[in-house]
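Dumped protein-v5.cif below, it's mmCIF, C-alpha atoms and all ligand atoms:
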data_structure
loop_
_atom_site.label_atom_id
_atom_site.label_comp_id
_atom_site.auth_asym_id
_atom_site.auth_seq_id
_atom_site.Cartn_x
_atom_site.Cartn_y
_atom_site.Cartn_z
CA MET A 1 28.86 -7.43 18.41
CA ASN A 2 29.88 -7.39 14.78
CA ILE A 3 27.66 -6.64 11.79
CA LEU A 4 29.68 -8.90 9.49
CA GLU A 5 29.09 -11.86 11.79
CA ILE A 6 25.36 -11.06 11.90
CA ILE A 7 25.15 -10.96 8.08
CA GLU A 8 27.13 -14.22 7.82
CA LYS A 9 24.87 -15.87 10.40
CA LYS A 10 21.70 -15.06 8.45
CA LYS A 11 23.42 -16.02 5.19
CA ASN A 12 24.10 -19.42 6.78
CA LYS A 13 20.40 -19.79 7.73
CA GLU A 14 20.99 -19.32 11.47
CA ASN A 15 18.51 -17.46 13.67
CA LEU A 16 19.37 -14.02 15.03
CA THR A 17 18.84 -13.08 18.67
CA TYR A 18 16.94 -9.99 19.85
CA GLU A 19 20.26 -8.33 20.66
CA GLU A 20 21.70 -9.05 17.21
CA LEU A 21 18.61 -7.73 15.42
CA ASP A 22 18.60 -4.66 17.67
CA TYR A 23 22.29 -4.02 17.04
CA ALA A 24 21.95 -4.28 13.26
CA PHE A 25 18.67 -2.40 12.73
CA ASN A 26 19.09 0.35 15.31
CA GLY A 27 22.72 0.68 14.19
CA TYR A 28 21.40 1.38 10.70
CA LEU A 29 18.88 3.90 12.05
CA LYS A 30 21.71 5.69 13.89
CA GLN A 31 23.71 5.65 10.63
CA GLU A 32 26.45 3.56 12.25
CA ILE A 33 25.84 0.76 9.75
CA PRO A 34 26.03 1.73 6.07
CA ASP A 35 23.46 1.04 3.33
CA TYR A 36 25.55 -1.72 1.76
CA GLN A 37 25.76 -3.81 4.92
CA MET A 38 22.06 -3.40 5.75
CA SER A 39 21.23 -4.26 2.11
CA ALA A 40 23.26 -7.47 2.45
CA LEU A 41 21.46 -8.38 5.68
CA LEU A 42 18.04 -7.65 4.14
CA MET A 43 18.91 -9.84 1.16
CA ALA A 44 20.02 -12.66 3.47
CA ILE A 45 16.69 -12.31 5.34
CA CYS A 46 14.78 -12.33 2.06
CA LEU A 47 16.51 -15.52 0.95
CA ASN A 48 16.43 -17.38 4.28
CA GLU A 49 13.47 -15.72 6.04
CA LEU A 50 12.89 -14.89 9.70
CA ASN A 51 11.36 -17.42 12.06
CA GLU A 52 8.38 -16.51 14.26
CA GLU A 53 10.51 -15.47 17.21
CA GLU A 54 12.69 -13.25 15.03
CA ILE A 55 9.55 -11.66 13.54
CA PHE A 56 8.15 -10.95 17.02
CA ASN A 57 11.47 -9.52 18.16
CA LEU A 58 11.96 -7.34 15.11
CA THR A 59 8.37 -6.03 15.35
CA GLU A 60 9.09 -5.01 18.95
CA ILE A 61 12.36 -3.33 17.90
CA PHE A 62 10.57 -1.40 15.14
CA ILE A 63 7.78 -0.26 17.48
CA LYS A 64 10.28 0.80 20.15
CA SER A 65 12.26 2.88 17.63
CA GLY A 66 9.55 5.53 18.04
CA GLU A 67 6.49 6.43 20.06
CA VAL A 68 3.20 4.56 20.41
CA ILE A 69 0.05 6.63 20.12
CA ASP A 70 -2.43 6.37 23.00
CA LEU A 71 -5.81 6.78 21.34
CA SER A 72 -7.71 6.70 24.64
CA LYS A 73 -7.14 10.48 24.79
CA LEU A 74 -9.97 10.85 22.29
CA ASP A 75 -13.51 9.44 22.30
CA GLY A 76 -14.59 7.31 19.38
CA ILE A 77 -14.26 3.94 17.72
CA PHE A 78 -10.90 3.56 16.02
CA ILE A 79 -10.20 1.26 13.11
CA ASP A 80 -7.35 0.76 10.70
CA LYS A 81 -6.65 -1.13 7.50
CA HIS A 82 -3.53 -1.92 5.52
CA SER A 83 -2.81 -3.68 2.27
CA THR A 84 0.26 -5.82 1.67
CA GLY A 85 0.56 -4.02 -1.65
CA GLY A 86 -0.60 -4.37 -5.19
CA VAL A 87 -0.89 -2.67 -8.56
CA GLY A 88 -3.52 0.07 -8.70
CA ASP A 89 -4.49 -0.47 -5.04
CA LYS A 90 -6.08 2.80 -3.98
CA THR A 91 -8.57 1.27 -1.54
CA THR A 92 -7.39 3.36 1.45
CA LEU A 93 -8.39 6.55 -0.35
CA VAL A 94 -11.93 5.22 -0.70
CA ILE A 95 -12.32 3.28 2.57
CA GLY A 96 -10.94 6.05 4.84
CA PRO A 97 -13.59 8.61 3.79
CA ILE A 98 -16.39 5.99 3.82
CA VAL A 99 -15.74 4.80 7.37
CA ALA A 100 -15.15 8.34 8.61
CA ALA A 101 -18.47 9.39 7.05
CA CYS A 102 -20.04 6.48 8.97
CA GLY A 103 -18.75 8.06 12.20
CA LEU A 104 -15.64 5.96 12.90
CA LYS A 105 -12.09 7.22 13.24
CA MET A 106 -9.20 6.00 11.11
CA PRO A 107 -5.70 7.23 12.06
CA LYS A 108 -3.80 5.69 9.17
CA MET A 109 -0.06 5.39 8.75
CA SER A 110 0.86 4.46 5.18
CA GLY A 111 3.97 3.78 3.16
CA ARG A 112 5.39 4.94 -0.16
CA GLY A 113 5.68 2.73 -3.24
CA LEU A 114 7.48 -0.55 -2.57
CA GLY A 115 9.07 -2.34 -5.52
CA LEU A 116 6.41 -2.48 -8.22
CA THR A 117 3.52 -1.87 -5.83
CA GLY A 118 2.23 1.67 -5.38
CA GLY A 119 2.12 3.38 -1.96
CA THR A 120 -0.64 5.54 -0.55
CA ILE A 121 1.79 8.24 0.62
CA ASP A 122 3.10 8.74 -2.94
CA LYS A 123 -0.49 8.89 -4.20
CA LEU A 124 -1.38 11.53 -1.62
CA GLU A 125 1.72 13.56 -2.41
CA SER A 126 0.54 13.78 -6.01
CA ILE A 127 -2.00 16.28 -4.65
CA PRO A 128 -0.12 19.60 -4.61
CA GLY A 129 0.51 20.85 -1.06
CA PHE A 130 -0.63 17.61 0.66
CA ASN A 131 1.23 17.25 3.97
CA VAL A 132 1.91 13.67 5.13
CA TYR A 133 3.91 14.86 8.17
CA LEU A 134 1.35 16.21 10.65
CA THR A 135 2.38 17.63 14.02
CA GLU A 136 0.98 15.88 17.10
CA GLU A 137 -1.53 18.67 17.54
CA GLU A 138 -2.66 18.40 13.90
CA PHE A 139 -2.93 14.60 14.23
CA TRP A 140 -5.46 14.89 17.07
CA GLN A 141 -7.27 17.82 15.50
CA GLY A 142 -7.64 15.92 12.18
CA LEU A 143 -9.05 12.87 13.91
CA LYS A 144 -11.50 15.00 15.86
CA GLU A 145 -12.64 17.19 12.97
CA VAL A 146 -12.43 14.86 9.96
CA GLY A 147 -12.16 11.36 11.43
CA PHE A 148 -9.63 10.20 8.82
CA ILE A 149 -6.00 11.22 8.51
CA ASP A 150 -3.10 9.57 6.71
CA VAL A 151 0.54 10.14 7.67
CA ALA A 152 3.92 8.70 6.72
CA GLN A 153 6.31 6.95 9.06
CA ASN A 154 8.51 9.70 10.53
CA GLU A 155 11.16 10.46 13.14
CA LYS A 156 8.59 9.95 15.92
CA LEU A 157 6.47 7.06 14.63
CA VAL A 158 8.30 3.87 13.61
CA PRO A 159 11.38 5.69 12.23
CA LEU A 160 12.98 2.28 11.63
CA ASP A 161 10.28 1.40 9.13
CA LYS A 162 10.85 4.68 7.33
CA VAL A 163 14.53 3.93 6.64
CA ILE A 164 14.26 0.17 6.08
CA TYR A 165 11.23 0.55 3.81
CA ALA A 166 13.10 3.03 1.59
CA LEU A 167 16.08 0.67 1.35
CA ARG A 168 13.94 -2.43 0.62
CA ASP A 169 12.21 -0.52 -2.18
CA VAL A 170 15.42 -0.17 -4.20
CA THR A 171 17.36 -3.32 -3.29
CA GLY A 172 15.01 -6.08 -4.45
CA THR A 173 14.29 -7.05 -0.83
CA THR A 174 10.58 -6.39 -0.67
CA GLU A 175 9.20 -9.91 -0.72
CA SER A 176 10.15 -11.47 2.65
CA LEU A 177 6.96 -12.40 4.55
CA GLY A 178 8.76 -11.62 7.81
CA LEU A 179 9.87 -8.15 6.71
CA ILE A 180 6.40 -7.33 5.34
CA ALA A 181 4.78 -8.47 8.60
CA VAL A 182 7.21 -6.44 10.73
CA SER A 183 6.76 -3.34 8.56
CA ILE A 184 2.97 -3.44 8.55
CA MET A 185 2.30 -4.60 12.10
CA SER A 186 4.80 -2.19 13.71
CA LYS A 187 3.03 0.72 11.98
CA LYS A 188 -0.41 -0.54 12.95
CA ILE A 189 0.48 -1.15 16.60
CA ALA A 190 2.30 2.19 16.92
CA SER A 191 -0.83 3.91 15.54
CA GLY A 192 -2.72 2.63 18.58
CA THR A 193 -5.77 1.04 16.90
CA LYS A 194 -7.16 -2.18 18.32
CA ASN A 195 -9.22 -3.24 15.26
CA ILE A 196 -7.22 -3.81 12.11
CA LEU A 197 -8.12 -5.27 8.74
CA ILE A 198 -5.15 -6.49 6.70
CA ASP A 199 -5.87 -6.91 3.01
CA ILE A 200 -3.43 -9.62 1.91
CA LYS A 201 -2.86 -9.50 -1.83
CA TYR A 202 -1.29 -12.42 -3.64
CA GLY A 203 -0.43 -12.97 -7.30
CA ASN A 204 1.93 -11.72 -9.99
CA GLY A 205 1.21 -8.07 -9.14
CA ALA A 206 1.70 -8.48 -5.38
CA LEU A 207 4.68 -8.81 -3.04
CA ILE A 208 3.25 -12.17 -1.93
CA LYS A 209 3.10 -14.46 -4.95
CA THR A 210 0.98 -17.47 -3.93
CA LYS A 211 -2.19 -18.22 -1.96
CA GLU A 212 -0.22 -20.62 0.29
CA LYS A 213 2.17 -17.79 1.23
CA ALA A 214 -0.81 -15.47 1.79
CA LEU A 215 -2.32 -18.00 4.23
CA GLU A 216 1.03 -18.34 6.01
CA PHE A 217 1.22 -14.54 6.23
CA ALA A 218 -2.30 -14.37 7.70
CA GLU A 219 -1.20 -16.67 10.55
CA ILE A 220 1.91 -14.57 11.25
CA ILE A 221 0.02 -11.28 11.55
CA LYS A 222 -2.79 -12.82 13.62
CA ASN A 223 -0.15 -14.08 16.06
CA ILE A 224 1.53 -10.66 16.24
CA GLY A 225 -1.90 -9.09 16.86
CA GLN A 226 -2.60 -11.53 19.69
CA LYS A 227 0.68 -10.59 21.37
CA TYR A 228 -0.35 -6.91 21.43
CA GLN A 229 -4.07 -7.54 22.20
CA VAL A 230 -5.06 -6.23 18.78
CA LYS A 231 -7.93 -7.76 16.73
CA VAL A 232 -6.53 -8.56 13.29
CA LEU A 233 -8.87 -9.53 10.45
CA PRO A 234 -6.88 -10.89 7.48
CA ILE A 235 -8.64 -10.83 4.10
CA ILE A 236 -7.00 -12.74 1.26
CA ASP A 237 -7.40 -11.33 -2.23
CA ASP A 238 -6.15 -12.08 -5.75
CA MET A 239 -3.76 -9.55 -7.36
CA ASN A 240 -3.05 -11.02 -10.78
CA THR A 241 -5.07 -8.21 -12.41
CA PRO A 242 -4.61 -4.52 -11.46
CA LEU A 243 -7.20 -3.12 -9.05
CA GLY A 244 -9.49 -0.73 -10.87
CA ASN A 245 -8.74 1.00 -14.16
CA ASN A 246 -6.11 3.59 -13.21
CA ILE A 247 -2.47 2.92 -12.36
CA GLY A 248 -0.21 5.86 -11.45
CA ASN A 249 -0.31 8.29 -8.55
CA ALA A 250 -2.53 11.22 -9.61
CA LEU A 251 -4.61 8.92 -11.81
CA GLU A 252 -5.34 6.69 -8.80
CA VAL A 253 -6.42 9.66 -6.68
CA LYS A 254 -8.76 10.60 -9.54
CA GLU A 255 -10.23 7.07 -9.66
CA ALA A 256 -10.76 7.04 -5.87
CA MET A 257 -12.69 10.32 -6.23
CA ASP A 258 -14.76 8.85 -9.06
CA ILE A 259 -15.72 5.87 -6.85
CA LEU A 260 -16.66 8.14 -3.98
CA GLN A 261 -18.88 9.98 -6.46
CA GLY A 262 -20.68 6.80 -7.49
CA LYS A 263 -18.56 5.05 -10.16
CA GLN A 264 -19.54 1.35 -10.19
CA GLY A 265 -17.33 -1.69 -10.72
CA LYS A 266 -15.29 -4.41 -9.05
CA LEU A 267 -13.11 -1.97 -7.15
CA THR A 268 -16.17 -0.19 -5.75
CA ASP A 269 -17.58 -3.56 -4.62
CA LEU A 270 -14.28 -4.43 -2.95
CA CYS A 271 -14.07 -1.09 -1.12
CA LEU A 272 -17.66 -1.45 0.12
CA ASP A 273 -16.98 -5.00 1.26
CA LEU A 274 -13.79 -4.07 3.14
CA SER A 275 -15.40 -0.98 4.72
CA ALA A 276 -18.36 -3.06 5.93
CA LYS A 277 -16.02 -5.73 7.33
CA LEU A 278 -14.06 -3.08 9.22
CA ILE A 279 -17.21 -1.55 10.73
CA ASN A 280 -18.52 -5.01 11.61
CA LEU A 281 -15.17 -5.82 13.26
CA ALA A 282 -15.24 -2.77 15.52
CA CYS A 283 -18.95 -2.09 16.12
CA ASP A 284 -21.88 -4.05 17.31
CA ILE A 285 -23.70 -4.14 13.97
CA SER A 286 -24.06 -6.83 11.33
CA TYR A 287 -22.06 -6.91 8.09
CA GLU A 288 -25.28 -6.27 6.09
CA GLU A 289 -26.22 -3.25 8.17
CA ALA A 290 -22.69 -1.91 7.93
CA LYS A 291 -22.69 -2.33 4.15
CA GLN A 292 -25.96 -0.42 3.83
CA LYS A 293 -24.46 2.44 5.87
CA CYS A 294 -21.45 2.51 3.53
CA LEU A 295 -23.71 2.61 0.47
CA ASP A 296 -25.77 5.40 2.04
CA VAL A 297 -22.76 7.66 2.64
CA ILE A 298 -21.70 7.26 -0.98
CA ASN A 299 -25.20 7.92 -2.29
CA ASN A 300 -25.74 11.01 -0.13
CA ASN A 301 -22.26 12.40 -1.03
CA GLN A 302 -21.05 12.40 2.59
CA ALA A 303 -18.12 10.10 1.81
CA TYR A 304 -16.94 12.29 -1.07
CA GLN A 305 -17.27 15.37 1.14
CA LYS A 306 -15.15 13.56 3.78
CA PHE A 307 -12.47 12.98 1.15
CA LEU A 308 -12.46 16.70 0.32
CA ASP A 309 -12.32 17.62 4.04
CA PHE A 310 -9.46 15.17 4.57
CA VAL A 311 -7.43 16.60 1.67
CA LYS A 312 -8.12 20.15 2.79
CA PHE A 313 -7.17 19.38 6.39
CA GLN A 314 -3.82 17.98 5.25
CA LYS A 315 -3.31 21.12 3.12
CA GLY A 316 -3.75 19.53 -0.30
CA ASP A 317 -5.27 21.46 -3.20
CA ILE A 318 -7.30 18.91 -5.14
CA THR A 319 -8.09 21.45 -7.87
CA LYS A 320 -4.39 21.35 -8.78
CA LEU A 321 -4.16 17.55 -9.19
CA LYS A 322 -2.20 17.18 -12.43
CA ILE A 323 -2.51 14.39 -14.95
CA SER A 324 -0.13 14.67 -17.88
CA PRO A 325 -1.80 16.23 -20.94
CA TYR A 326 0.22 13.93 -23.24
CA SER A 327 -1.18 10.51 -23.94
CA LEU A 328 -0.67 7.52 -26.17
CA GLU A 329 -3.19 4.81 -26.94
CA VAL A 330 -2.23 1.13 -26.97
CA LYS A 331 -4.30 -0.59 -29.67
CA ALA A 332 -5.23 -4.25 -30.03
CA ASN A 333 -3.68 -6.08 -32.96
CA GLU A 334 -5.96 -9.12 -32.69
CA GLU A 335 -9.60 -9.97 -32.04
CA GLY A 336 -11.18 -12.05 -29.29
CA ILE A 337 -12.01 -12.03 -25.60
CA LEU A 338 -9.70 -10.20 -23.21
CA THR A 339 -8.72 -12.98 -20.78
CA GLU A 340 -5.77 -11.45 -18.92
CA ILE A 341 -4.44 -8.05 -17.88
CA ASN A 342 -1.15 -9.01 -16.26
CA ALA A 343 -0.63 -6.87 -13.15
CA HIS A 344 3.13 -7.46 -13.04
CA LYS A 345 3.64 -6.48 -16.69
CA ILE A 346 1.39 -3.43 -16.27
CA ALA A 347 3.51 -2.40 -13.27
CA LEU A 348 6.70 -2.73 -15.35
CA LEU A 349 5.12 -0.51 -17.99
CA ALA A 350 4.08 1.97 -15.28
CA ARG A 351 7.67 1.96 -14.00
CA SER A 352 9.01 2.75 -17.46
CA LEU A 353 6.68 5.78 -17.50
CA GLY A 354 8.11 7.06 -14.18
CA CYS A 355 5.50 5.96 -11.62
CA PHE A 356 8.02 4.32 -9.23
CA ARG A 357 11.50 4.92 -7.82
CA GLN A 358 14.53 2.92 -8.94
CA THR A 359 17.00 4.54 -6.53
CA LYS A 360 16.37 6.11 -3.10
CA ASP A 361 16.80 9.63 -4.50
CA ASP A 362 14.60 9.18 -7.58
CA LYS A 363 11.78 11.65 -8.03
CA ILE A 364 8.46 10.11 -9.00
CA ASP A 365 6.50 11.61 -11.87
CA TYR A 366 3.07 11.88 -10.24
CA SER A 367 1.30 12.93 -13.44
CA VAL A 368 1.99 9.81 -15.53
CA GLY A 369 0.36 6.38 -15.57
CA ILE A 370 -1.98 4.02 -17.33
CA VAL A 371 -5.74 3.93 -17.75
CA LEU A 372 -7.12 0.53 -18.68
CA ASN A 373 -9.85 1.07 -21.26
CA LYS A 374 -11.01 -2.57 -21.34
CA ASN A 375 -11.84 -5.09 -18.66
CA ILE A 376 -11.38 -8.84 -18.51
CA GLY A 377 -14.22 -10.55 -20.39
CA ASP A 378 -14.67 -7.70 -22.91
CA TYR A 379 -14.80 -8.57 -26.61
CA ILE A 380 -11.93 -6.84 -28.40
CA ASN A 381 -11.87 -5.75 -32.04
CA ILE A 382 -8.67 -4.97 -33.93
CA ASN A 383 -7.60 -1.38 -33.22
CA ASP A 384 -9.67 -1.08 -30.05
CA THR A 385 -7.84 0.93 -27.39
CA LEU A 386 -6.73 -1.46 -24.67
CA CYS A 387 -5.17 1.21 -22.50
CA THR A 388 -4.11 4.84 -22.57
CA LEU A 389 -0.65 5.81 -21.39
CA TYR A 390 -0.24 9.24 -19.81
CA ILE A 391 3.37 10.18 -20.53
CA SER A 392 5.60 13.13 -19.88
CA ASN A 393 8.65 12.02 -21.84
CA PRO A 394 7.98 13.08 -25.46
CA ASN A 395 10.54 10.50 -26.61
CA PHE A 396 8.69 7.59 -25.03
CA TYR A 397 7.94 5.00 -27.64
CA LEU A 398 5.72 1.99 -27.44
CA ASN A 399 7.30 -1.41 -27.48
CA GLU A 400 5.74 -4.57 -28.96
CA LYS A 401 6.34 -6.09 -25.50
CA ASP A 402 3.86 -3.61 -23.99
CA LEU A 403 1.06 -5.49 -25.72
CA GLU A 404 2.07 -8.59 -23.72
CA CYS A 405 0.27 -7.07 -20.71
CA PHE A 406 -2.93 -8.20 -22.41
CA LYS A 407 -4.00 -11.68 -23.46
CA ILE A 408 -6.73 -11.87 -26.10
CA GLU A 409 -8.07 -15.32 -26.90
CA GLY A 410 -10.64 -17.04 -29.04
CA GLY A 411 -10.29 -15.01 -32.26
CA LYS A 412 -13.13 -13.46 -34.25
CA LEU A 413 -16.61 -14.41 -33.07
N1 LIG A 501 3.07 -2.29 3.21
C1 LIG A 501 3.95 -1.95 4.19
O1 LIG A 501 3.69 -1.02 4.94
N2 LIG A 501 5.06 -2.65 4.32
C2 LIG A 501 5.39 -3.68 3.52
O2 LIG A 501 6.43 -4.27 3.70
C3 LIG A 501 4.49 -4.04 2.50
C4 LIG A 501 3.33 -3.33 2.36
#

As structure tokens, what does this structure read like?
Ligand code: URA
Amino acid sequence: MNILEIIEKKKNKENLTYEELDYAFNGYLKQEIPDYQMSALLMAICLNELNEEEIFNLTEIFIKSGEVIDLSKLDGIFIDKHSTGGVGDKTTLVIGPIVAACGLKMPKMSGRGLGLTGGTIDKLESIPGFNVYLTEEEFWQGLKEVGFIDVAQNEKLVPLDKVIYALRDVTGTTESLGLIAVSIMSKKIASGTKNILIDIKYGNGALIKTKEKALEFAEIIKNIGQKYQVKVLPIIDDMNTPLGNNIGNALEVKEAMDILQGKQGKLTDLCLDLSAKLINLACDISYEEAKQKCLDVINNNQAYQKFLDFVKFQKGDITKLKISPYSLEVKANEEGILTEINAHKIALLARSLGCFRQTKDDKIDYSVGIVLNKNIGDYININDTLCTLYISNPNFYLNEKDLECFKIEGGKL
């Protein structure tokens, strides 16, 4: 087999066989195929997509690149959730502790940032000491003692996703529905859970841009789930506006903690809704009952305590979470109603602050980010602070373009 012929084939919109996909992807994992050839193949896939059979085959190849966890070793009801990625999406950090406080178990495998969407693993690593690479023994112990753990893909679990994900992040090849489905579903199936909620985000701040594509994606993942006897619940959600008020790794951890301590708002409502849907999916109780349970564990502080136990178990020191002490306020230069906070433009601004990688070896600045001080629908006066930038580069200067993240309409009332 020849990698050049495989790249050419996909470039010419032909379908690849199991053997060809296996040769190319496992060849890359074994470092027999260099970055530049895999990047070319990923780009050809992004432009011409994978058909259903190729997606099934590649999912199987990804799963087989590592081990599959057998959760039957431990008693309990296991659930999992995953988001296709968005701006400010820190729902895992809220949902994990809520469902664990409700008595379920969530063995989560997450990713790092991908393109302009943040990743839970990067957010967790903003907590000094936090270990996303648990040993097998720690994995089981964490599930038993805490009920929620979150680990990165590694040499044992879906190693192919680890290397392909890192390459997609920096080669503009994040948006193929097939590659997203393979990446997410291989991780979920390898984690062993039989009840999975997939939060499909679409819009300018998501990897999936339109509702039609989101619906197509929902079908793909349901079909993969069926093949592996896994219940998949797809939820389709708009991502044209960032989720919550904080964007940036440490800032997002802080916002998740605020929600677990009772902060109200749209993000809180979403996390409660998704948690209740997950519990309803896996247990024999109604959505309403499940939602009440979720509210109870927030109100009685059990969910927040779970978060602290989870961080402590994975060796993080939450008291050392660092948000940059340097900040800059972005002020409104017109009056009216705030009608848009553009998630894509906010993500570009977050990238210019250092929240994401631009090459594989880039170090993320965990302490920087953006806090949105206003919400859609708010009345804005001239000089009101629209958002606060937490910066670490003293030479960072604000650009007129940064104000384009916000649309203010209607003028003075
Ligand atoms: N999350 C993943 O794990 N993989 C993707 O490709 C996108 C979101």

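If you look at CA of Glu54 in chain A and CA of Ile220 in chain A, they are 11.5 Å away from each other.
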
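CA of Leu260 in chain A to CA of Asn280 in chain A spans 20.5 Å [interatomic distance, one decimal].
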
Next on the checklist: as a PyMOL selection string, please: the residues near range 109-125 of chain A (cut-off 6 Å, all atoms listed in the file, same-chain neighbours under 4 positions excluded).
Outcome noted: chain A and resi 85-87+130+150-152+169+249+347

Using C-alpha atoms, can you write the selected residues to a file as an mmCIF file, keeping the file's coordinate frame?
data_model
loop_
_atom_site.group_PDB
_atom_site.id
_atom_site.type_symbol
_atom_site.label_atom_id
_atom_site.label_comp_id
_atom_site.auth_asym_id
_atom_site.auth_seq_id
_atom_site.Cartn_x
_atom_site.Cartn_y
_atom_site.Cartn_z
ATOM 1 C CA GLY A 85 0.560 -4.020 -1.650
ATOM 2 C CA GLY A 86 -0.600 -4.370 -5.190
ATOM 3 C CA VAL A 87 -0.890 -2.670 -8.560
ATOM 4 C CA PHE A 130 -0.630 17.610 0.660
ATOM 5 C CA ASP A 150 -3.100 9.570 6.710
ATOM 6 C CA VAL A 151 0.540 10.140 7.670
ATOM 7 C CA ALA A 152 3.920 8.700 6.720
ATOM 8 C CA ASP A 169 12.210 -0.520 -2.180
ATOM 9 C CA ASN A 249 -0.310 8.290 -8.550
ATOM 10 C CA ALA A 347 3.510 -2.400 -13.270
#

Next on the checklist: Taking only C-alpha atoms and all ligand atoms into account, list the residues no farther than 8 Å from ligand LIG 501 (chain A), as a list in words.
Outcome noted: His82, Ser83, Thr84, Gly85, Ser110, Gly111, Leu114, Gly119, Tyr165, Thr174, Glu175, Leu179, Ile180, Ala181, Val182, Ser183, Ile184, Lys187 and Leu207 of chain A

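The residue that comes closest to Leu58 in chain A, out of A:Leu134, A:Met185, A:Leu167, A:Ile318 and on the basis of all atoms listed in the file, is A:Met185.
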
Saving range 260-274 of chain A with N, CA and C atoms, as a short mmCIF file (atom, residue, chain, number, x, y, z; two decimals), in the first residue's frame, what would that file be?
data_model
loop_
_atom_site.label_atom_id
_atom_site.label_comp_id
_atom_site.auth_asym_id
_atom_site.auth_seq_id
_atom_site.Cartn_x
_atom_site.Cartn_y
_atom_site.Cartn_z
N LEU A 260 -21.91 25.77 40.43
CA LEU A 260 -22.12 24.71 41.42
C LEU A 260 -22.42 25.29 42.80
N GLN A 261 -22.07 26.57 42.96
CA GLN A 261 -22.38 27.24 44.25
C GLN A 261 -23.62 28.11 44.14
N GLY A 262 -24.39 27.93 43.05
CA GLY A 262 -25.70 28.57 43.01
C GLY A 262 -25.88 29.72 42.04
N LYS A 263 -24.82 30.07 41.25
CA LYS A 263 -25.00 31.17 40.28
C LYS A 263 -26.11 30.80 39.29
N GLN A 264 -27.02 31.75 39.04
CA GLN A 264 -28.15 31.48 38.13
C GLN A 264 -27.83 31.96 36.72
N GLY A 265 -28.59 31.53 35.75
CA GLY A 265 -28.42 32.02 34.38
C GLY A 265 -28.67 30.93 33.36
N LYS A 266 -28.48 31.30 32.09
CA LYS A 266 -28.80 30.36 30.99
C LYS A 266 -27.92 29.12 31.04
N LEU A 267 -26.65 29.32 31.39
CA LEU A 267 -25.73 28.18 31.43
C LEU A 267 -26.13 27.20 32.55
N THR A 268 -26.55 27.77 33.67
CA THR A 268 -27.02 26.91 34.78
C THR A 268 -28.23 26.10 34.31
N ASP A 269 -29.17 26.78 33.64
CA ASP A 269 -30.37 26.08 33.16
C ASP A 269 -29.99 24.95 32.20
N LEU A 270 -29.02 25.24 31.31
CA LEU A 270 -28.61 24.22 30.34
C LEU A 270 -27.98 23.01 31.07
N CYS A 271 -27.11 23.30 32.04
CA CYS A 271 -26.44 22.20 32.75
C CYS A 271 -27.46 21.34 33.51
N LEU A 272 -28.46 21.99 34.10
CA LEU A 272 -29.49 21.24 34.83
C LEU A 272 -30.29 20.38 33.86
N ASP A 273 -30.61 20.97 32.71
CA ASP A 273 -31.40 20.25 31.70
C ASP A 273 -30.62 19.02 31.20
N LEU A 274 -29.33 19.22 30.86
CA LEU A 274 -28.56 18.10 30.33
C LEU A 274 -28.34 17.03 31.41
#
